[in-house]
$ cat final32.txt   # compact mmCIF, C-alpha atoms
# COMPACT_ATOMS: atom_id res chain seq x y z
CA MET E 1 5.80 -10.42 11.01
CA ALA E 2 8.01 -13.48 10.58
CA LEU E 3 4.86 -15.65 10.66
CA MET E 4 3.34 -14.12 7.54
CA ARG E 5 2.77 -16.68 4.81
CA GLN E 6 4.60 -16.49 1.50
CA PRO E 7 2.80 -17.90 -1.57
CA ILE E 8 4.52 -20.87 -3.21
CA GLY E 9 3.65 -23.32 -5.97
CA LYS E 10 1.55 -22.73 -9.05
CA GLY E 11 -2.13 -23.16 -9.80
CA GLU E 12 -4.90 -22.50 -12.28
CA VAL E 13 -5.90 -18.87 -12.83
CA CYS E 14 -8.82 -17.91 -10.58
CA MET E 15 -8.39 -14.13 -10.65
CA GLU E 16 -8.52 -11.01 -12.75
CA VAL E 17 -6.44 -7.86 -12.29
CA MET E 18 -7.70 -4.29 -12.08
CA ILE E 19 -5.31 -1.33 -12.46
CA PRO E 20 -6.28 2.31 -11.78
CA ALA E 21 -3.97 4.47 -13.89
CA ARG E 22 -3.51 8.20 -14.30
CA ASN E 23 -0.60 9.27 -16.51
CA GLU E 24 1.15 5.92 -16.06
CA GLU E 25 2.45 5.41 -19.59
CA HIS E 26 5.99 5.05 -18.20
CA ASN E 27 4.98 2.15 -15.90
CA LEU E 28 2.50 0.07 -17.88
CA GLY E 29 5.14 -1.78 -19.88
CA LEU E 30 6.31 -3.43 -16.67
CA VAL E 31 3.00 -4.22 -14.98
CA ILE E 32 0.69 -5.42 -17.78
CA PRO E 33 2.72 -7.95 -19.84
CA PRO E 34 3.38 -10.48 -17.00
CA ILE E 35 -0.34 -10.48 -16.18
CA VAL E 36 -1.41 -11.06 -19.78
CA LEU E 37 1.24 -13.76 -20.30
CA GLY E 38 0.08 -15.36 -17.06
CA GLY E 39 -3.35 -15.89 -18.57
CA ALA E 40 -5.34 -13.43 -16.44
CA LYS E 41 -7.69 -10.77 -17.67
CA VAL E 42 -6.45 -7.26 -16.91
CA THR E 43 -8.60 -4.13 -16.96
CA VAL E 44 -7.16 -0.63 -16.76
CA PHE E 45 -9.16 2.44 -15.77
CA ASP E 46 -7.65 5.38 -17.65
CA ASP E 47 -8.26 8.14 -15.11
CA GLU E 48 -8.39 11.22 -17.37
CA SER E 49 -4.74 10.76 -18.38
CA THR E 50 -3.05 13.36 -20.52
CA ASP E 51 -0.40 10.96 -21.87
CA GLY E 52 -0.81 7.73 -23.82
CA THR E 53 -1.85 5.57 -20.86
CA GLY E 54 -5.04 4.19 -22.38
CA ASP E 55 -3.69 3.51 -25.87
CA LEU E 56 -0.57 1.81 -24.51
CA ALA E 57 -2.61 -0.35 -22.14
CA GLU E 58 -4.77 -1.54 -25.05
CA SER E 59 -1.71 -2.31 -27.16
CA LEU E 60 -0.33 -4.44 -24.32
CA GLY E 61 -3.47 -6.57 -24.14
CA ALA E 62 -5.50 -4.87 -21.43
CA GLN E 63 -9.15 -3.92 -21.58
CA VAL E 64 -9.36 -0.17 -21.03
CA VAL E 65 -12.20 1.70 -19.36
CA ARG E 66 -12.47 5.46 -19.67
CA PRO E 67 -14.75 7.66 -17.53
CA GLU E 68 -17.88 9.06 -19.08
CA GLN E 69 -17.63 12.26 -17.04
CA PRO E 70 -15.00 14.26 -15.13
CA LEU E 71 -14.17 13.24 -11.57
CA PRO E 72 -17.30 13.90 -9.49
CA LYS E 73 -17.08 16.20 -6.49
CA GLY E 74 -16.39 14.33 -3.28
CA TRP E 75 -14.41 11.53 -4.94
CA THR E 76 -10.68 10.94 -5.14
CA GLY E 77 -9.40 9.75 -8.48
CA LYS E 78 -8.20 6.35 -7.30
CA ASN E 79 -11.41 5.58 -5.42
CA ARG E 80 -13.54 6.45 -8.43
CA ALA E 81 -11.32 4.32 -10.67
CA CYS E 82 -11.35 1.31 -8.35
CA HIS E 83 -15.10 1.56 -7.80
CA GLU E 84 -15.82 1.62 -11.52
CA LEU E 85 -13.48 -1.33 -12.03
CA SER E 86 -15.13 -3.30 -9.23
CA LEU E 87 -18.50 -3.07 -10.98
CA LEU E 88 -17.00 -4.86 -13.99
CA ALA E 89 -15.45 -7.75 -12.06
CA SER E 90 -16.44 -11.31 -12.95
CA ALA E 91 -13.68 -13.62 -11.65
CA ASP E 92 -13.70 -15.43 -8.30
CA TRP E 93 -10.94 -13.17 -7.01
CA VAL E 94 -10.39 -9.55 -8.04
CA VAL E 95 -6.86 -8.20 -7.59
CA PHE E 96 -6.23 -4.45 -7.55
CA LEU E 97 -2.67 -3.50 -8.48
CA ASP E 98 -1.08 -0.08 -8.50
CA ALA E 99 0.42 0.88 -11.84
CA ASP E 100 3.90 1.21 -10.33
CA THR E 101 4.04 -2.46 -9.30
CA ILE E 102 6.14 -4.98 -11.24
CA PRO E 103 4.77 -8.54 -11.22
CA SER E 104 7.08 -11.47 -11.90
CA ALA E 105 6.38 -14.01 -14.66
CA GLU E 106 4.99 -16.35 -11.96
CA PHE E 107 2.83 -13.75 -10.23
CA ILE E 108 -0.52 -14.91 -11.65
CA SER E 109 -0.05 -18.66 -11.19
CA VAL E 110 1.52 -18.41 -7.71
CA LEU E 111 -1.00 -15.93 -6.33
CA SER E 112 -3.89 -17.84 -7.94
CA ARG E 113 -2.87 -21.02 -6.11
CA PHE E 114 -2.64 -19.16 -2.82
CA LEU E 115 -6.03 -17.50 -3.24
CA ALA E 116 -7.70 -20.77 -4.26
CA THR E 117 -6.61 -22.35 -0.98
CA ARG E 118 -7.87 -19.59 1.32
CA PRO E 119 -10.49 -20.64 3.89
CA PRO E 120 -14.00 -19.21 3.41
CA GLU E 121 -13.58 -16.71 6.24
CA THR E 122 -10.72 -14.98 4.39
CA LYS E 123 -12.45 -12.37 2.27
CA VAL E 124 -9.49 -10.11 1.45
CA VAL E 125 -5.78 -10.77 0.93
CA SER E 126 -3.16 -8.05 0.82
CA GLY E 127 0.57 -8.03 1.29
CA PHE E 128 4.00 -6.49 1.13
CA PRO E 129 5.98 -6.54 -2.13
CA TRP E 130 9.69 -6.03 -2.65
CA MET E 131 10.27 -2.28 -2.25
CA LEU E 132 12.69 -1.09 -4.91
CA PRO E 133 14.75 1.89 -3.75
CA GLY E 134 14.73 5.33 -5.26
CA ARG E 135 17.81 7.44 -5.78
CA GLY E 136 20.18 8.59 -3.04
CA ILE E 137 18.84 8.58 0.50
CA GLU E 138 15.21 8.07 -0.54
CA PRO E 139 15.09 4.50 0.84
CA ALA E 140 16.41 5.68 4.23
CA TYR E 141 13.53 8.15 4.43
CA LEU E 142 10.76 5.88 3.10
CA GLY E 143 11.81 2.99 5.32
CA TRP E 144 9.49 4.21 8.07
CA VAL E 145 6.44 3.06 6.11
CA PRO E 146 7.04 -0.73 6.10
CA TRP E 147 8.79 -0.53 9.47
CA ILE E 148 5.92 1.09 11.39
CA LEU E 149 3.51 -1.41 9.86
CA LEU E 150 5.51 -4.59 10.22
CA ALA E 151 7.21 -3.89 13.53
CA THR E 152 4.06 -2.84 15.39
CA ASN E 153 1.40 -5.17 13.95
CA PRO E 154 1.12 -8.97 14.45
CA PHE E 155 0.01 -9.66 10.88
CA GLY E 156 1.46 -13.15 10.76
CA LEU E 157 0.19 -14.11 14.20
CA VAL E 158 -3.36 -13.07 13.33
CA ALA E 159 -3.22 -15.21 10.19
CA GLN E 160 -1.89 -18.23 12.07
CA VAL E 161 -4.25 -18.24 15.06
CA ARG E 162 -7.23 -16.58 13.33
CA VAL E 163 -7.92 -14.41 16.35
CA GLY E 164 -8.28 -10.65 16.05
CA HIS E 165 -8.13 -8.57 12.89
CA ASN E 166 -5.28 -6.96 10.97
CA ARG E 167 -7.25 -3.73 10.37
CA PHE E 168 -5.11 -2.95 7.35
CA THR E 169 -4.80 -3.41 3.59
CA ASN E 170 -1.93 -2.28 1.39
CA GLY E 171 -3.41 -0.44 -1.57
CA GLN E 172 -0.50 -1.46 -3.82
CA VAL E 173 -1.94 -4.97 -4.02
CA VAL E 174 -5.29 -6.14 -2.65
CA ALA E 175 -7.22 -9.27 -3.64
CA TRP E 176 -10.95 -9.44 -2.93
CA ARG E 177 -13.47 -12.24 -3.17
CA ARG E 178 -15.75 -10.82 -5.84
CA GLU E 179 -18.97 -11.25 -3.86
CA THR E 180 -17.43 -9.41 -0.89
CA LEU E 181 -16.10 -6.61 -3.08
CA GLN E 182 -19.41 -6.02 -4.82
CA SER E 183 -21.50 -6.20 -1.66
CA VAL E 184 -19.27 -4.04 0.56
CA ARG E 185 -18.48 -1.49 -2.23
CA PRO E 186 -15.50 -0.16 -0.24
CA PHE E 187 -14.31 2.47 -2.69
CA GLU E 188 -17.77 4.03 -2.89
CA ALA E 189 -18.15 3.97 0.89
CA LEU E 190 -14.78 5.76 1.31
CA ARG E 191 -14.99 7.81 -1.87
CA SER E 192 -13.34 10.96 -0.46
CA GLU E 193 -10.55 9.27 1.50
CA ILE E 194 -6.97 9.68 0.35
CA LEU E 195 -5.66 7.04 2.78
CA GLU E 196 -8.28 4.64 1.49
CA ASP E 197 -6.33 1.40 1.92
CA VAL E 198 -5.81 1.85 5.66
CA LYS E 199 -9.40 2.97 6.17
CA ILE E 200 -10.71 0.04 4.15
CA GLY E 201 -8.87 -2.24 6.57
CA ARG E 202 -10.53 -0.53 9.52
CA MET E 203 -13.94 -0.75 7.84
CA LEU E 204 -13.48 -4.48 7.22
CA ALA E 205 -12.63 -4.96 10.89
CA ARG E 206 -15.86 -3.24 11.93
CA GLN E 207 -17.76 -5.59 9.62
CA ASN E 208 -15.82 -8.62 10.89
CA LEU E 209 -14.58 -9.51 7.40
CA GLY E 210 -11.28 -11.40 7.47
CA VAL E 211 -8.11 -9.94 5.95
CA GLU E 212 -4.85 -11.86 5.55
CA LEU E 213 -1.50 -10.08 5.06
CA ILE E 214 1.23 -12.02 3.26
CA ARG E 215 4.80 -11.65 2.00
CA LEU E 216 4.84 -11.03 -1.76
CA SER E 217 8.46 -10.03 -2.27
CA SER E 218 9.20 -13.17 -4.33
CA ILE E 219 6.59 -12.38 -7.00
CA LEU E 220 5.92 -8.64 -6.88
CA LYS E 221 8.06 -5.50 -6.77
CA VAL E 222 7.14 -1.84 -6.40
CA ARG E 223 9.02 1.40 -6.74
CA MET E 224 6.90 4.01 -5.04
CA TYR E 225 9.14 7.02 -5.68
CA TRP E 226 12.31 7.83 -7.59
CA SER E 227 13.60 10.72 -5.47
CA LEU E 228 13.56 11.97 -1.90
CA ARG E 229 11.42 14.96 -2.86
CA GLU E 230 8.88 12.72 -4.57
CA ALA E 231 8.74 10.49 -1.51
CA ILE E 232 8.24 13.35 0.94
CA ASP E 233 5.51 14.90 -1.20
CA GLY E 234 3.88 11.53 -1.77
CA MET E 235 3.74 10.69 1.92
CA SER E 236 2.62 14.23 2.79
CA LYS E 237 -0.56 13.76 0.78
CA ASN E 238 -2.06 11.22 3.18
CA SER E 239 -0.07 11.05 6.43
CA ALA E 240 -2.48 13.51 8.04
CA ASP E 241 -5.14 10.79 8.03
CA ILE E 242 -3.10 8.05 9.71
CA GLY E 243 -4.33 8.95 13.18
CA GLY E 244 -7.88 9.65 12.07
CA GLY E 245 -7.75 13.40 12.68
CA LEU E 246 -5.69 16.26 14.09
CA ILE E 247 -5.33 14.88 17.62
CA GLY E 248 -4.71 11.29 16.59
CA SER E 249 -2.21 12.16 13.88
CA THR E 250 -0.35 14.58 16.14
CA ALA E 251 -0.12 11.84 18.76
CA PHE E 252 1.14 9.45 16.08
CA ALA E 253 3.88 11.91 15.09
CA PHE E 254 5.09 12.17 18.68
CA PHE E 255 4.86 8.37 18.97
CA LEU E 256 7.27 8.10 16.04
CA ILE E 257 9.72 10.41 17.76
CA VAL E 258 9.51 8.39 20.97
CA LEU E 259 10.03 5.12 19.09
CA GLY E 260 13.10 6.48 17.36
CA TRP E 261 14.75 8.27 20.27
CA ALA E 262 13.61 6.71 23.56
CA TRP E 263 16.92 4.82 23.71
CA VAL E 264 18.65 8.12 24.53
CA LEU E 265 16.91 8.01 27.93
CA GLY E 266 17.78 4.37 28.53
CA GLY E 267 20.55 5.08 31.03
CA HIS E 268 23.29 2.47 31.15
CA LEU E 269 21.10 0.15 29.05
CA TRP E 270 20.76 2.64 26.20
CA TRP E 271 22.63 0.30 23.85
CA VAL E 272 20.10 -2.50 24.48
CA PHE E 273 17.16 -0.29 23.45
CA LEU E 274 19.07 0.99 20.44
CA ALA E 275 20.02 -2.54 19.41
CA LEU E 276 16.38 -3.67 19.59
CA LEU E 277 15.34 -0.69 17.49
CA LEU E 278 17.97 -1.43 14.86
CA LEU E 279 17.10 -5.12 14.85
CA SER E 280 13.41 -4.45 14.28
CA LYS E 281 14.26 -2.24 11.31
CA ALA E 282 16.71 -4.76 9.89
CA VAL E 283 14.08 -7.53 10.01
CA THR E 284 11.42 -5.43 8.27
CA ASP E 285 13.98 -4.40 5.65
CA TRP E 286 14.62 -8.10 5.03
CA ILE E 287 10.90 -8.76 4.50
CA VAL E 288 10.47 -6.02 1.88
CA LYS E 289 14.04 -6.41 0.57
CA ALA E 290 14.92 -2.79 1.28
CA PRO E 291 18.60 -1.79 1.06
CA PHE E 292 20.24 -3.25 4.16
CA TRP E 293 22.22 -0.10 5.02
CA THR E 294 19.08 1.91 5.76
CA PHE E 295 18.46 0.28 9.15
CA VAL E 296 21.24 2.30 10.82
CA PHE E 297 19.34 5.52 10.09
CA ILE E 298 16.10 4.50 11.82
CA PRO E 299 16.21 7.22 14.55
CA PHE E 300 16.49 9.89 11.87
CA THR E 301 13.93 8.09 9.70
CA CYS E 302 11.45 8.29 12.58
CA LEU E 303 12.12 11.99 13.01
CA ALA E 304 11.64 12.62 9.28
CA ALA E 305 8.40 10.62 9.39
CA ALA E 306 7.06 12.73 12.26
CA LEU E 307 7.90 15.92 10.37
CA THR E 308 6.10 14.50 7.33
CA VAL E 309 2.95 13.97 9.42
CA PHE E 310 3.11 17.58 10.64
CA ARG E 311 3.63 18.78 7.07
CA SER E 312 0.66 16.74 5.90
CA LEU E 313 -1.52 18.22 8.65
CA ALA E 314 -0.50 21.71 7.51
CA TRP E 315 -1.35 20.84 3.89
CA LYS E 316 -4.73 19.49 4.89
CA ARG E 317 -5.50 22.55 6.99
CA LYS E 318 -4.78 24.74 3.95
CA GLY E 319 -6.74 22.48 1.61
CA VAL E 320 -3.74 21.82 -0.62
CA LEU E 321 -3.30 18.06 -0.55
CA LYS E 322 -1.97 17.57 -4.08
CA TRP E 323 -1.36 14.41 -6.06
CA LYS E 324 -1.22 13.56 -9.77
CA GLY E 325 -2.37 16.98 -10.87
CA ARG E 326 -5.34 17.19 -8.50
CA THR E 327 -5.84 19.10 -5.27
CA TYR E 328 -7.91 17.51 -2.52
CA GLY E 329 -9.33 19.56 0.30
CA ASP E 330 -10.98 18.57 3.53
CA THR E 331 -13.92 16.67 2.09
$ encode --input "final32.txt" --output "structure tokens"
Amino acid sequence: MALMRQPIGKGEVCMEVMIPARNEEHNLGLVIPPIVLGGAKVTVFDDESTDGTGDLAESLGAQVVRPEQPLPKGWTGKNRACHELSLLASADWVVFLDADTIPSAEFISVLSRFLATRPPETKVVSGFPWMLPGRGIEPAYLGWVPWILLATNPFGLVAQVRVGHNRFTNGQVVAWRRETLQSVRPFEALRSEILEDVKIGRMLARQNLGVELIRLSSILKVRMYWSLREAIDGMSKNSADIGGGLIGSTAFAFFLIVLGWAWVLGGHLWWVFLALLLLSKAVTDWIVKAPFWTFVFIPFTCLAAALTVFRSLAWKRKGVLKWKGRTYGDT
């Protein structure tokens, strides 16, 4: 993870930004202006919002696309939005941003320079922004997400040696070469998937299309959730799909428990195993700029994460995976 590249320098704009948005009026004032001021075209898909999302986006300088029909059966809202946006793309690189991200004033120029220097075999670039904490103990709970990704995957090593595949994209920010995006049509192919970003990464690996993961904390921030309850519900909507099914996700939940608590069985070397666990969490917190104090809670964070996976499996079994006013069943 320490080998992941971090974009630096500034370059000419070679990208456009696509934002799927459903009832995001409260966030758009932070995400759109830096993109417009950076000189990039920004298009917002207003996903049947009931607030002023579309009108606000237009007033901030974005092109707004609205659906011609209600969400079709078998599609999730975000996948439909991103697919429709992808059909409109015209720039060399197409960057999908979640509406809760906060780009810096240099985001467009710095990321443009980085993308313009990618080798031809790099078709997709994704990364890890600065994770802004929610209230109270929310960051201690949510810390399992960047930790399990960064501490168990050699993202930086893959990028440096160009051997293997990262098998992952972070849906908060993904940049695609336009020709790859429009030929692969990932959001249409995975139209019913709630954990679409992870499954897109796996699909790209099967097709041998290169993905590079980078550190974006210097130019992009994100606040996923404001409260602990929001975070638990948000992660419960898709954690059931992490392992690819009931057996795989159950195994993943127990794996989390083992990772967090195996040090208890370490005998006289228990402190060594605990120290390594704490160190791994502290390093990943540094990468995403999470509150430093959260690393000491990692055993309990792992336990909470495992319980979240079990909760998500129960939701999926009942067909009540809910998010942004919609309920998704086992499609």
$ residues_near_point --input "final32.txt" --point "(-6.2, 17.9, -15.6)" --cutoff "12 Å" --atoms "only C-alpha atoms" --output "compact mmCIF listing (two decimals) with C-alpha atoms, keeping the file's coordinate frame"
# COMPACT_ATOMS: atom_id res chain seq x y z
CA ARG E 22 -3.51 8.20 -14.30
CA ASN E 23 -0.60 9.27 -16.51
CA ASP E 47 -8.26 8.14 -15.11
CA GLU E 48 -8.39 11.22 -17.37
CA SER E 49 -4.74 10.76 -18.38
CA THR E 50 -3.05 13.36 -20.52
CA ASP E 51 -0.40 10.96 -21.87
CA PRO E 70 -15.00 14.26 -15.13
CA LEU E 71 -14.17 13.24 -11.57
CA GLY E 77 -9.40 9.75 -8.48
CA TRP E 323 -1.36 14.41 -6.06
CA LYS E 324 -1.22 13.56 -9.77
CA GLY E 325 -2.37 16.98 -10.87
CA ARG E 326 -5.34 17.19 -8.50
CA THR E 327 -5.84 19.10 -5.27
$ closest_residue --input "final32.txt" --among "E:Val17, E:Val309, E:Leu111, E:Val288" --to "E:Ala253" --atoms "only C-alpha atoms"
E:Val309
$ residues_around --input "final32.txt" --residues "E:Gly243" --least-positions-apart "6" --cutoff "9 Å" --atoms "all atoms listed in the file" --output "list in words"
Ser249, Thr250, Ala251, Phe252 and Ala253 of chain E
$ write_last_selection --input "final32.txt" --atoms "C-alpha atoms" --output "compact mmCIF listing (two decimals), keeping the file's coordinate frame"
# COMPACT_ATOMS: atom_id res chain seq x y z
CA SER E 249 -2.21 12.16 13.88
CA THR E 250 -0.35 14.58 16.14
CA ALA E 251 -0.12 11.84 18.76
CA PHE E 252 1.14 9.45 16.08
CA ALA E 253 3.88 11.91 15.09
$ residues_around --input "final32.txt" --residues "E:Phe255" --least-positions-apart "6" --cutoff "12 Å" --atoms "all atoms listed in the file" --output "PyMOL selection string"
chain E and resi 148+152+243+248-249+261-262+302-303+305-307+309
$ residues_around --input "final32.txt" --residues "E:Cys82" --least-positions-apart "4" --cutoff "9 Å" --atoms "all atoms listed in the file" --output "VMD selection string"
chain E and resid 18 to 20 45 77 to 78 86 to 87 96 187 to 188
$ build_atoms --input "final32.txt" --residues "stretch 224-247 of chain E" --atoms "N, CA, C and O atoms" --output "PDB file, keeping the file's coordinate frame"
ATOM      1  N   MET E 224       7.874   2.980  -5.320  1.00  0.00           N
ATOM      2  CA  MET E 224       6.900   4.010  -5.040  1.00  0.00           C
ATOM      3  C   MET E 224       7.360   5.377  -5.536  1.00  0.00           C
ATOM      4  O   MET E 224       6.569   6.138  -6.103  1.00  0.00           O
ATOM      5  N   TYR E 225       8.633   5.687  -5.333  1.00  0.00           N
ATOM      6  CA  TYR E 225       9.140   7.020  -5.680  1.00  0.00           C
ATOM      7  C   TYR E 225      10.577   6.896  -6.187  1.00  0.00           C
ATOM      8  O   TYR E 225      11.326   6.014  -5.768  1.00  0.00           O
ATOM      9  N   TRP E 226      10.950   7.822  -7.047  1.00  0.00           N
ATOM     10  CA  TRP E 226      12.310   7.830  -7.590  1.00  0.00           C
ATOM     11  C   TRP E 226      13.254   8.708  -6.773  1.00  0.00           C
ATOM     12  O   TRP E 226      14.452   8.462  -6.731  1.00  0.00           O
ATOM     13  N   SER E 227      12.733   9.766  -6.157  1.00  0.00           N
ATOM     14  CA  SER E 227      13.600  10.720  -5.470  1.00  0.00           C
ATOM     15  C   SER E 227      13.085  11.009  -4.072  1.00  0.00           C
ATOM     16  O   SER E 227      11.930  10.709  -3.739  1.00  0.00           O
ATOM     17  N   LEU E 228      13.943  11.595  -3.259  1.00  0.00           N
ATOM     18  CA  LEU E 228      13.560  11.970  -1.900  1.00  0.00           C
ATOM     19  C   LEU E 228      12.419  12.975  -1.918  1.00  0.00           C
ATOM     20  O   LEU E 228      11.461  12.852  -1.139  1.00  0.00           O
ATOM     21  N   ARG E 229      12.480  13.949  -2.784  1.00  0.00           N
ATOM     22  CA  ARG E 229      11.420  14.960  -2.860  1.00  0.00           C
ATOM     23  C   ARG E 229      10.086  14.329  -3.230  1.00  0.00           C
ATOM     24  O   ARG E 229       9.040  14.647  -2.647  1.00  0.00           O
ATOM     25  N   GLU E 230      10.103  13.428  -4.200  1.00  0.00           N
ATOM     26  CA  GLU E 230       8.880  12.720  -4.570  1.00  0.00           C
ATOM     27  C   GLU E 230       8.303  11.959  -3.388  1.00  0.00           C
ATOM     28  O   GLU E 230       7.096  11.950  -3.159  1.00  0.00           O
ATOM     29  N   ALA E 231       9.185  11.295  -2.646  1.00  0.00           N
ATOM     30  CA  ALA E 231       8.740  10.490  -1.510  1.00  0.00           C
ATOM     31  C   ALA E 231       8.120  11.346  -0.419  1.00  0.00           C
ATOM     32  O   ALA E 231       7.063  11.015   0.135  1.00  0.00           O
ATOM     33  N   ILE E 232       8.768  12.458  -0.104  1.00  0.00           N
ATOM     34  CA  ILE E 232       8.240  13.350   0.940  1.00  0.00           C
ATOM     35  C   ILE E 232       6.895  13.915   0.528  1.00  0.00           C
ATOM     36  O   ILE E 232       5.927  13.931   1.314  1.00  0.00           O
ATOM     37  N   ASP E 233       6.785  14.366  -0.725  1.00  0.00           N
ATOM     38  CA  ASP E 233       5.510  14.900  -1.200  1.00  0.00           C
ATOM     39  C   ASP E 233       4.441  13.813  -1.247  1.00  0.00           C
ATOM     40  O   ASP E 233       3.275  14.047  -0.897  1.00  0.00           O
ATOM     41  N   GLY E 234       4.841  12.618  -1.691  1.00  0.00           N
ATOM     42  CA  GLY E 234       3.880  11.530  -1.770  1.00  0.00           C
ATOM     43  C   GLY E 234       3.331  11.131  -0.418  1.00  0.00           C
ATOM     44  O   GLY E 234       2.127  10.903  -0.261  1.00  0.00           O
ATOM     45  N   MET E 235       4.190  11.059   0.590  1.00  0.00           N
ATOM     46  CA  MET E 235       3.740  10.690   1.920  1.00  0.00           C
ATOM     47  C   MET E 235       3.010  11.848   2.606  1.00  0.00           C
ATOM     48  O   MET E 235       2.168  11.627   3.481  1.00  0.00           O
ATOM     49  N   SER E 236       3.300  13.070   2.196  1.00  0.00           N
ATOM     50  CA  SER E 236       2.620  14.230   2.790  1.00  0.00           C
ATOM     51  C   SER E 236       1.167  14.314   2.368  1.00  0.00           C
ATOM     52  O   SER E 236       0.351  14.943   3.041  1.00  0.00           O
ATOM     53  N   LYS E 237       0.815  13.646   1.271  1.00  0.00           N
ATOM     54  CA  LYS E 237      -0.560  13.760   0.780  1.00  0.00           C
ATOM     55  C   LYS E 237      -1.552  13.026   1.661  1.00  0.00           C
ATOM     56  O   LYS E 237      -2.737  13.346   1.674  1.00  0.00           O
ATOM     57  N   ASN E 238      -1.095  12.001   2.410  1.00  0.00           N
ATOM     58  CA  ASN E 238      -2.060  11.220   3.180  1.00  0.00           C
ATOM     59  C   ASN E 238      -1.678  10.945   4.626  1.00  0.00           C
ATOM     60  O   ASN E 238      -2.467  10.360   5.365  1.00  0.00           O
ATOM     61  N   SER E 239      -0.499  11.351   5.057  1.00  0.00           N
ATOM     62  CA  SER E 239      -0.070  11.050   6.430  1.00  0.00           C
ATOM     63  C   SER E 239      -0.945  11.722   7.473  1.00  0.00           C
ATOM     64  O   SER E 239      -1.032  11.263   8.620  1.00  0.00           O
ATOM     65  N   ALA E 240      -1.610  12.808   7.095  1.00  0.00           N
ATOM     66  CA  ALA E 240      -2.480  13.510   8.040  1.00  0.00           C
ATOM     67  C   ALA E 240      -3.650  12.659   8.487  1.00  0.00           C
ATOM     68  O   ALA E 240      -4.265  12.920   9.528  1.00  0.00           O
ATOM     69  N   ASP E 241      -3.975  11.619   7.720  1.00  0.00           N
ATOM     70  CA  ASP E 241      -5.140  10.790   8.030  1.00  0.00           C
ATOM     71  C   ASP E 241      -4.780   9.518   8.801  1.00  0.00           C
ATOM     72  O   ASP E 241      -5.671   8.740   9.147  1.00  0.00           O
ATOM     73  N   ILE E 242      -3.502   9.292   9.059  1.00  0.00           N
ATOM     74  CA  ILE E 242      -3.100   8.050   9.710  1.00  0.00           C
ATOM     75  C   ILE E 242      -3.743   7.904  11.091  1.00  0.00           C
ATOM     76  O   ILE E 242      -4.211   6.842  11.474  1.00  0.00           O
ATOM     77  N   GLY E 243      -3.779   8.998  11.831  1.00  0.00           N
ATOM     78  CA  GLY E 243      -4.330   8.950  13.180  1.00  0.00           C
ATOM     79  C   GLY E 243      -5.818   9.249  13.246  1.00  0.00           C
ATOM     80  O   GLY E 243      -6.378   9.347  14.339  1.00  0.00           O
ATOM     81  N   GLY E 244      -6.448   9.433  12.101  1.00  0.00           N
ATOM     82  CA  GLY E 244      -7.880   9.650  12.070  1.00  0.00           C
ATOM     83  C   GLY E 244      -8.325  11.075  12.316  1.00  0.00           C
ATOM     84  O   GLY E 244      -9.520  11.354  12.381  1.00  0.00           O
ATOM     85  N   GLY E 245      -7.394  12.011  12.438  1.00  0.00           N
ATOM     86  CA  GLY E 245      -7.750  13.400  12.680  1.00  0.00           C
ATOM     87  C   GLY E 245      -6.570  14.145  13.265  1.00  0.00           C
ATOM     88  O   GLY E 245      -5.464  13.597  13.420  1.00  0.00           O
ATOM     89  N   LEU E 246      -6.781  15.410  13.606  1.00  0.00           N
ATOM     90  CA  LEU E 246      -5.690  16.260  14.090  1.00  0.00           C
ATOM     91  C   LEU E 246      -5.062  15.697  15.356  1.00  0.00           C
ATOM     92  O   LEU E 246      -3.839  15.560  15.459  1.00  0.00           O
ATOM     93  N   ILE E 247      -5.869  15.356  16.330  1.00  0.00           N
ATOM     94  CA  ILE E 247      -5.330  14.880  17.620  1.00  0.00           C
ATOM     95  C   ILE E 247      -4.627  13.540  17.444  1.00  0.00           C
ATOM     96  O   ILE E 247      -3.495  13.341  17.905  1.00  0.00           O
TER      97      ILE E 247
END
